[in-house]
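Accompanying notes for the structure given below.
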Amino acid sequence: MPLKHLSEYRDKGLARKLIEAIWKRSHKPLRLMEVCGTHTMAIFRYGIRQVLPPHIQLISGPGCPVCVTAQEEIDRSVKLAGYPGVMITTFGDLFRVPGSRSSLQAERSEGADVRPVYSTFDALRLAEAHPEKEVVFLGIGFETTAPTVAAAVLEAARKGLDNFSVLSFHKRLPPALEALMEDGNLRLDGFLYPGHVTTVIGTAAYEKVAQTYGIPGVVSGFEPVDILESIFMLVEQIEQGRVQVEMQYRRGADPQGNLKAQELMDQVFRPMDASWRGLGLIPESGLCLRPEFKAFTAEERFDLRVPPAQEHPGCACGAILRGIRTPPECPLFRAVCRPDHPLGPCMVSSEGTCAAYYKYGG
Amino acid sequence: MVSDKILLDHGSGGRVSHELVERLFLPRFQNPWLQDLNDSAVITVEGGRLAFTTDSYVVDPLFFPGGDIGALAVCGTVNDLAMLGARPFYLSVAFILEEGLPLKDLERIVASMAKAAAEAGVHIVTGDTKVVPQGAGDKIFINTAGIGVVPEGIRIGGREAKSGDTVLVSGTLGDHGLTILSQREGLAFESPLKSDVAPLSGLVQEMLACGAEIHVLRDPTRGGLATTLNEIARQSGVGIEIWEEALPVRDQVLAASETLGLDPLYIANEGKLVAIVPKEEAEKVLTVMRKNKYGREAALIGEVTADHPGQVVLKTLIGGSRLLDMLSGEQLPRIC
């Protein structure tokens, strides 16, 4: 796995030149939103806010999959963990997110079988190795992860695995962008779009945001030089009065996306209305398995209905996800809500805005 | 959610582990030796000072590139003694074996312990074996305790860091933890990862023998460099600043951590030490370290300051800075 090229995107000299260019070129106050949690993390990790002119404000958006997972979805996964013989597999820190009364982590310490995995295919292997168990994969993430889950479902169908199913919390980015723009509270001058999701979906959705709402955007990679270059490209557009979708992440993404991955997703999933933490119900913003894959749908095997969810009163995750508040403005932040004692998902996820502010002292 | 059960986070070496020690163990076992929270306790006996420590070892897989649980069990305890400047002499070992463990695995582990002990110059002088029914343990758990002698005039400990001191590290970061994780996840890299497990008592003896003043020695095991530096900053009431561009990390470790979404600064090392020494001694100590095979890639990575006491700040490559907190909970695989 050669990752030598990384050093180029972490080059100190290159970064310095870009920082200088941004200072020289940018005159207007700007509010730029990085949509993706991986960008938020990288921005903090490299101290990018501190090297920008003070009139450029970076706002974190709703692009952390764990953060936008609705409380009710957490409650459903906790209920699932309580069924005897169920093994829950999932990636990421969904594991720690508190639901209305418990978390998967707490359920595990009570004896539930919950296993973090790095790939959907690990979940398939576990299903094959444990025919006595009902292995359920909690599908979470945007269009970056959905194709791999689709591939796993197809593989399970091919192998005739009858103890494997998926509980899909997958979300689609484009409807969320539109919902964000329709909410009049957010004033924005530009978007930093996530390179990874773009690799799959392409830039069509961003073009629509540019045309309908007049907001320019740049698709950005995740290394410090990528992010600085993207910010510079946005500054150039705004200073010149252009509204375009430009591609900084040329090494990874193509404007039309990955057609094969899109096909795979289409074959297995269909859009459904979904609840987002902070944004509420957004039409067609989730993904569920198509009826022909009913056999692999966890809801078909288990009763996962739960009472209406209760979020922690005072938790500002919702407003933070919409970019209208920052973590230090939440009364719970740092005082009682910490990564090892999280009250809301933005503090749990390693890509969450609150976790970033907490960890890196924002 | 404050859990009334033990969570895996309690064993991560990060904040939650510290809370467990500080709230549950310390108040009940209260005594000045434990209170110091160093890698070993230093006990004054007639004729000198003894360092005394213990550690338990659980690892999956038992065998990994560069070592195994046996090498860890000897090196870990030897290193904890060495971090107080002690010369390690005697170890105890206690095995908890799960019914069904292949005898040849145990033989291999014991042979590796003997080899590590010989290299470190320690003798395993007492021991115990228990077998638990299948399912009541996980193959093999090992506990070792160790005793060493602290030479006269040596005063090394987590409270000794002073503003103006220099921070050194004996080599590359994250090798052990990433090796274990990559093995578990079946990740293959062009140049394979290898655990750095090694006894550091020889290296420490040479560092002491050069006559330089050494304030703090600590091995950044669980929780990684970031957590270790936080412990030192708190215990000494100083700030620590480290420089990203100076941190030695192997390319393949960087690649593996990028793939898994982990930060090498929070990943365990088993054959590395952090040394905090007065600025004017730094060159001398580095030269000595680099002559030892376990210190060949030693580097100067930062300094101790009077600013931001109790906190560790990282100066990033691009000139920004960020707070390096303790590990909060276990690091988990990321999503995208």
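Residues in the structure tokens are numbered from 1 in each chain, the chains being A, B, ... in the order shown, and ligands are numbered from 1 in the order shown.
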>> as a list in words, please: the residues near Leu177 of chain A (cut-off 10 Å, only C-alpha atoms, same-chain neighbours under 3 positions excluded).
In response: Val35, Gly61, Pro62, Gly63, Arg172, Leu173, Pro174, Leu180, Met181, Glu182, Ala205, Tyr206, Lys208 and Val209 of chain A
Once you have the residues from the selection above, write them out as a PDB file, in the first residue's frame, restricted to N, CA, C and O atoms.
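Contents of part-v2.pdb, as written:
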```pdb
ATOM      1  N   VAL A  35     -18.444  20.393   4.663  1.00  0.00           N
ATOM      2  CA  VAL A  35     -19.616  19.551   4.864  1.00  0.00           C
ATOM      3  C   VAL A  35     -19.267  18.303   5.661  1.00  0.00           C
ATOM      4  O   VAL A  35     -20.053  17.790   6.436  1.00  0.00           O
ATOM      5  N   GLY A  61     -20.291  21.291   8.945  1.00  0.00           N
ATOM      6  CA  GLY A  61     -21.613  20.910   8.454  1.00  0.00           C
ATOM      7  C   GLY A  61     -22.080  19.556   8.949  1.00  0.00           C
ATOM      8  O   GLY A  61     -21.509  18.998   9.884  1.00  0.00           O
ATOM      9  N   PRO A  62     -23.118  19.018   8.298  1.00  0.00           N
ATOM     10  CA  PRO A  62     -23.761  17.792   8.789  1.00  0.00           C
ATOM     11  C   PRO A  62     -23.149  16.526   8.218  1.00  0.00           C
ATOM     12  O   PRO A  62     -23.844  15.542   8.037  1.00  0.00           O
ATOM     13  N   GLY A  63     -21.851  16.511   7.924  1.00  0.00           N
ATOM     14  CA  GLY A  63     -21.281  15.383   7.201  1.00  0.00           C
ATOM     15  C   GLY A  63     -20.585  14.360   8.067  1.00  0.00           C
ATOM     16  O   GLY A  63     -19.635  13.730   7.645  1.00  0.00           O
ATOM     17  N   ARG A 172     -28.111   9.916   2.340  1.00  0.00           N
ATOM     18  CA  ARG A 172     -27.656  10.494   1.068  1.00  0.00           C
ATOM     19  C   ARG A 172     -27.325  11.962   1.285  1.00  0.00           C
ATOM     20  O   ARG A 172     -28.106  12.690   1.901  1.00  0.00           O
ATOM     21  N   LEU A 173     -26.200  12.389   0.764  1.00  0.00           N
ATOM     22  CA  LEU A 173     -25.766  13.756   1.005  1.00  0.00           C
ATOM     23  C   LEU A 173     -26.588  14.822   0.259  1.00  0.00           C
ATOM     24  O   LEU A 173     -26.960  15.838   0.861  1.00  0.00           O
ATOM     25  N   PRO A 174     -26.912  14.616  -1.049  1.00  0.00           N
ATOM     26  CA  PRO A 174     -27.570  15.706  -1.787  1.00  0.00           C
ATOM     27  C   PRO A 174     -28.859  16.244  -1.148  1.00  0.00           C
ATOM     28  O   PRO A 174     -28.992  17.475  -1.024  1.00  0.00           O
ATOM     29  N   LEU A 180     -30.425  21.963   4.045  1.00  0.00           N
ATOM     30  CA  LEU A 180     -29.602  22.948   4.726  1.00  0.00           C
ATOM     31  C   LEU A 180     -29.791  24.335   4.092  1.00  0.00           C
ATOM     32  O   LEU A 180     -29.906  25.346   4.778  1.00  0.00           O
ATOM     33  N   MET A 181     -29.826  24.353   2.751  1.00  0.00           N
ATOM     34  CA  MET A 181     -29.969  25.620   2.045  1.00  0.00           C
ATOM     35  C   MET A 181     -31.374  26.194   2.213  1.00  0.00           C
ATOM     36  O   MET A 181     -31.560  27.406   2.260  1.00  0.00           O
ATOM     37  N   GLU A 182     -32.372  25.311   2.296  1.00  0.00           N
ATOM     38  CA  GLU A 182     -33.756  25.770   2.449  1.00  0.00           C
ATOM     39  C   GLU A 182     -33.992  26.378   3.831  1.00  0.00           C
ATOM     40  O   GLU A 182     -34.887  27.168   4.036  1.00  0.00           O
ATOM     41  N   ALA A 205     -24.912  17.115  -7.782  1.00  0.00           N
ATOM     42  CA  ALA A 205     -25.684  17.709  -6.689  1.00  0.00           C
ATOM     43  C   ALA A 205     -25.133  19.081  -6.317  1.00  0.00           C
ATOM     44  O   ALA A 205     -25.887  19.986  -5.940  1.00  0.00           O
ATOM     45  N   TYR A 206     -23.822  19.247  -6.421  1.00  0.00           N
ATOM     46  CA  TYR A 206     -23.217  20.525  -6.051  1.00  0.00           C
ATOM     47  C   TYR A 206     -23.537  21.591  -7.108  1.00  0.00           C
ATOM     48  O   TYR A 206     -23.686  22.771  -6.792  1.00  0.00           O
ATOM     49  N   LYS A 208     -26.228  21.816  -8.672  1.00  0.00           N
ATOM     50  CA  LYS A 208     -27.580  22.283  -8.385  1.00  0.00           C
ATOM     51  C   LYS A 208     -27.557  23.346  -7.273  1.00  0.00           C
ATOM     52  O   LYS A 208     -28.248  24.364  -7.372  1.00  0.00           O
ATOM     53  N   VAL A 209     -26.750  23.104  -6.249  1.00  0.00           N
ATOM     54  CA  VAL A 209     -26.629  24.082  -5.158  1.00  0.00           C
ATOM     55  C   VAL A 209     -26.083  25.404  -5.708  1.00  0.00           C
ATOM     56  O   VAL A 209     -26.567  26.490  -5.365  1.00  0.00           O
TER      57      VAL A 209
END
```
>> DSSP on the backbone: which residues in segment 167-241 of chain A end up as helix (DSSP H, G or I)? Give the answer as a ChimeraX atom specification.
In response: /A:173-182,195-201,204-213,224-240
Closest atom pairs, residues of chain A within 8 Å of chain B, only C-alpha atoms, as a Markdown table:
```
| residue | atom | partner | partner_atom | distance |
| --- | --- | --- | --- | --- |
| A:Met1 | CA | B:Phe189 | CA | 5.3 |
| A:Pro2 | CA | B:Glu190 | CA | 7.2 |
| A:Leu3 | CA | B:Ala255 | CA | 5.7 |
| A:Lys4 | CA | B:Asp251 | CA | 7.0 |
| A:Arg10 | CA | B:Leu317 | CA | 7.3 |
| A:Asp11 | CA | B:Leu317 | CA | 7.8 |
| A:Lys12 | CA | B:Ile318 | CA | 5.4 |
| A:Ala15 | CA | B:Ile318 | CA | 6.0 |
| A:Arg16 | CA | B:Ile318 | CA | 6.6 |
| A:Thr38 | CA | B:Cys336 | CA | 7.8 |
| A:Phe44 | CA | B:Arg322 | CA | 7.1 |
| A:Arg45 | CA | B:Arg322 | CA | 6.7 |
| A:Tyr46 | CA | B:Thr316 | CA | 5.4 |
| A:Gly47 | CA | B:Gly320 | CA | 4.2 |
| A:Ile48 | CA | B:Gly320 | CA | 6.2 |
| A:Arg49 | CA | B:Gly320 | CA | 7.9 |
| A:Gln50 | CA | B:Gly320 | CA | 5.7 |
| A:Val51 | CA | B:Gly320 | CA | 6.0 |
| A:Pro65 | CA | B:Ile335 | CA | 7.8 |
| A:Phe91 | CA | B:Ile335 | CA | 5.9 |
| A:Gly92 | CA | B:Arg334 | CA | 4.5 |
| A:Asp93 | CA | B:Leu332 | CA | 6.2 |
| A:Pro98 | CA | B:Met1 | CA | 7.0 |
| A:Ser102 | CA | B:Met1 | CA | 7.9 |
| A:Gln105 | CA | B:Leu7 | CA | 7.7 |
| A:Ala106 | CA | B:Ser3 | CA | 6.9 |
| A:Ser109 | CA | B:Leu7 | CA | 6.2 |
| A:Glu110 | CA | B:Lys5 | CA | 7.9 |
| A:Pro116 | CA | B:Pro333 | CA | 7.4 |
| A:Val117 | CA | B:Pro333 | CA | 7.3 |
| A:Tyr118 | CA | B:Pro333 | CA | 6.2 |
| A:Ile140 | CA | B:Ile335 | CA | 7.8 |
| A:Gly141 | CA | B:Ile335 | CA | 6.6 |
| A:Thr144 | CA | B:Cys336 | CA | 6.5 |
| A:Thr145 | CA | B:Cys336 | CA | 6.8 |
| A:His196 | CA | B:Cys336 | CA | 7.7 |
| A:Pro224 | CA | B:Ile318 | CA | 7.7 |
| A:Pro339 | CA | B:Ser328 | CA | 6.0 |
| A:Asp340 | CA | B:Ser328 | CA | 5.6 |
| A:His341 | CA | B:Met1 | CA | 5.8 |
| A:Pro342 | CA | B:Met1 | CA | 6.8 |
| A:Leu343 | CA | B:Met1 | CA | 7.0 |
| A:Ser350 | CA | B:Arg334 | CA | 7.4 |
| A:Lys359 | CA | B:Asp325 | CA | 6.0 |
| A:Tyr360 | CA | B:Leu323 | CA | 4.7 |
| A:Gly361 | CA | B:Leu323 | CA | 5.5 |
```
>> as a PyMOL selection string, please: the residues near segment 116-132 of chain B (cut-off 6 Å, only C-alpha atoms, same-chain neighbours under 2 positions excluded).
In response: chain B and resi 71+89-99+113-114+136+199
> Can you list, as a PyMOL selection string, every protein, DNA or RNA residue that comes within 6 Å of Val277 of chain B when you count only C-alpha atoms, leaving out same-chain residues fewer than 3 positions away?
Replying inline: chain B and resi 165-166+214-215
>> Based on the backbone DSSP call, show me all residues of segment 124-362 of chain A assigned strand (DSSP E), as a ChimeraX atom specification.
In response: /A:134-139,164-168,190-194,217-220,245-247,269-276,280-289
> Pick from B:Leu168, B:Ala161, B:Val197, B:Leu103: nearest to Gly70 of chain B, with only C-alpha atoms counted?
Replying inline: B:Val197
>> Give me, as a PyMOL selection string, all polymer residues having an atom no more than 8 Å from Ala253 of chain A, counting only C-alpha atoms and skipping those fewer than 6 positions away in the same chain.
In response: chain A and resi 195-196+198-200+202
